[in-house]
Amino acid sequence: MGVRSRDVRRSRFPTPNSLFPSMQIEVTQLKIRKAKLTDVPNMHRLVNHYAGERIMLPRTLTDIYENVWEFTVAAEDDGRLVGCGALKLYNQEVAEIRSLCVDETLKSKGVGREIMEELLDEAEAFGLKTVFALTVVPTFFEKLGFHQTPRERFPTKVWRDCLKCERYTCCDEKAVTMEVVDRPPKARESATEAAKVSS
């Protein structure tokens with residue numbers, strides 16, 4: 001997979017510099033790329049921050065190191081990692097999107113969508129038929145073409161992770177799925193626009 005870059009503009013105030021010279025607009029280049037071993041500590045921090053808020057399952061450092069090849073990350077041009085997500089393969093047809101999270105300072109800026117688009121590109125390249133996720137925010141996935149489905153459709157996931165989870169009997173996560181061949185063609189275009197933002 002090649003590296004894709006997006007410009008993310010951030011400024012304190014949307015005011016012309018000619019009126020307030022001391023106020024500068026900072027332009028940051030955002031890169032979506034495959035994870036490296038050096039990214040693991042920061043991915044671990046991100047994932048377990050949200051696990052602490054009971055939004056996703058925790059993952060150990062060892063687990064992430066062993067499965068680092070599954071991860072795609074978003075990093076700023078200074079190297080700061082601001083998001084990650086993984087494509088977990090179950091067989092030659094099915095994979096799960098998991099551990100998708102973004103630094104809280106960049107939430108709702110399109111970073112999560114960019115990571116998702118790269119993971120879906122990867123799913124297409126593998127020739128997968130179905131991609132699914134368990135999430136507490138199904139609307140995010142539905143905007144990308146996913147739809148809700150019973151989690152029992154994916155028994156391997158239930159057996160592997162759900163039955164071991166302390167929240168299994170009171171879980172509020174929804175299963176969402178997409179047939180890769182039905183992936184909306186405009187999703188990538190909207191993700192590109194969403195990544196070009198000013199705050």
# chains A, B, ... in the order shown; residues from 1 in each chain; ligands from 1
call {"tool": "closest_atom_pairs", "arguments": {"of": "range 37-89 of chain A", "to": "range 109-115 of chain A", "cutoff": "7 Å", "atoms": "only C-alpha atoms", "output": "tab-separated table"}}
result
residue	atom	partner	partner_atom	distance
A:Thr72	CA	A:Ile115	CA	6.7
A:Val73	CA	A:Ile115	CA	6.8
A:Ala74	CA	A:Ile115	CA	6.9
A:Cys84	CA	A:Ile115	CA	6.9
A:Gly85	CA	A:Ile115	CA	6.6
call {"tool": "closest_atom_pairs", "arguments": {"of": "range 33-97 of chain A", "to": "range 122-135 of chain A", "cutoff": "6 Å", "atoms": "only C-alpha atoms", "output": "CSV"}}
result
residue,atom,partner,partner_atom,distance
A:Glu93,CA,A:Leu128,CA,4.5
A:Val94,CA,A:Thr130,CA,4.9
A:Ala95,CA,A:Val131,CA,5.0
A:Glu96,CA,A:Phe132,CA,4.9
A:Ile97,CA,A:Ala133,CA,5.1
call {"tool": "write_last_selection", "arguments": {"atoms": "N, CA and C atoms", "output": "PDB file, in the first residue's frame"}}
result
ATOM      1  N   GLU A  93     -12.040 -14.659   3.137  1.00  0.00           N
ATOM      2  CA  GLU A  93     -13.188 -13.863   2.724  1.00  0.00           C
ATOM      3  C   GLU A  93     -13.598 -12.780   3.717  1.00  0.00           C
ATOM      4  N   VAL A  94     -13.274 -12.946   4.999  1.00  0.00           N
ATOM      5  CA  VAL A  94     -13.814 -12.086   6.048  1.00  0.00           C
ATOM      6  C   VAL A  94     -12.712 -11.444   6.885  1.00  0.00           C
ATOM      7  N   ALA A  95     -12.899 -10.163   7.215  1.00  0.00           N
ATOM      8  CA  ALA A  95     -11.977  -9.459   8.098  1.00  0.00           C
ATOM      9  C   ALA A  95     -12.761  -8.496   8.978  1.00  0.00           C
ATOM     10  N   GLU A  96     -12.143  -8.113  10.093  1.00  0.00           N
ATOM     11  CA  GLU A  96     -12.757  -7.190  11.038  1.00  0.00           C
ATOM     12  C   GLU A  96     -11.961  -5.892  11.104  1.00  0.00           C
ATOM     13  N   ILE A  97     -12.664  -4.775  11.131  1.00  0.00           N
ATOM     14  CA  ILE A  97     -12.046  -3.492  11.443  1.00  0.00           C
ATOM     15  C   ILE A  97     -12.060  -3.366  12.957  1.00  0.00           C
TER      16      ILE A  97
END
call {"tool": "select_by_dssp", "arguments": {"residues": "range 27-94 of chain A", "states": "strand (DSSP E or B)", "output": "list in words"}}
result
Val27, Thr28, Gln29, Leu30, Lys31, Ile32, Arg33, Lys34, Phe71, Thr72, Val73, Ala74, Ala75, Glu76, Leu81, Val82, Gly83, Cys84, Gly85, Ala86, Leu87, Lys88, Leu89 and Val94 of chain A
call {"tool": "closest_residue", "arguments": {"among": "A:Arg153, A:Ala86, A:Phe146, A:Leu61", "to": "Thr38 in chain A", "atoms": "only C-alpha atoms"}}
result
A:Leu61
call {"tool": "closest_residue", "arguments": {"among": "A:Thr149, A:Thr60, A:Asn67, A:Thr139", "to": "Leu37 in chain A", "atoms": "only C-alpha atoms"}}
result
A:Asn67
call {"tool": "closest_residue", "arguments": {"among": "A:Ala175, A:Val102, A:Val68, A:Leu89", "to": "Lys34 in chain A", "atoms": "only C-alpha atoms"}}
result
A:Val68
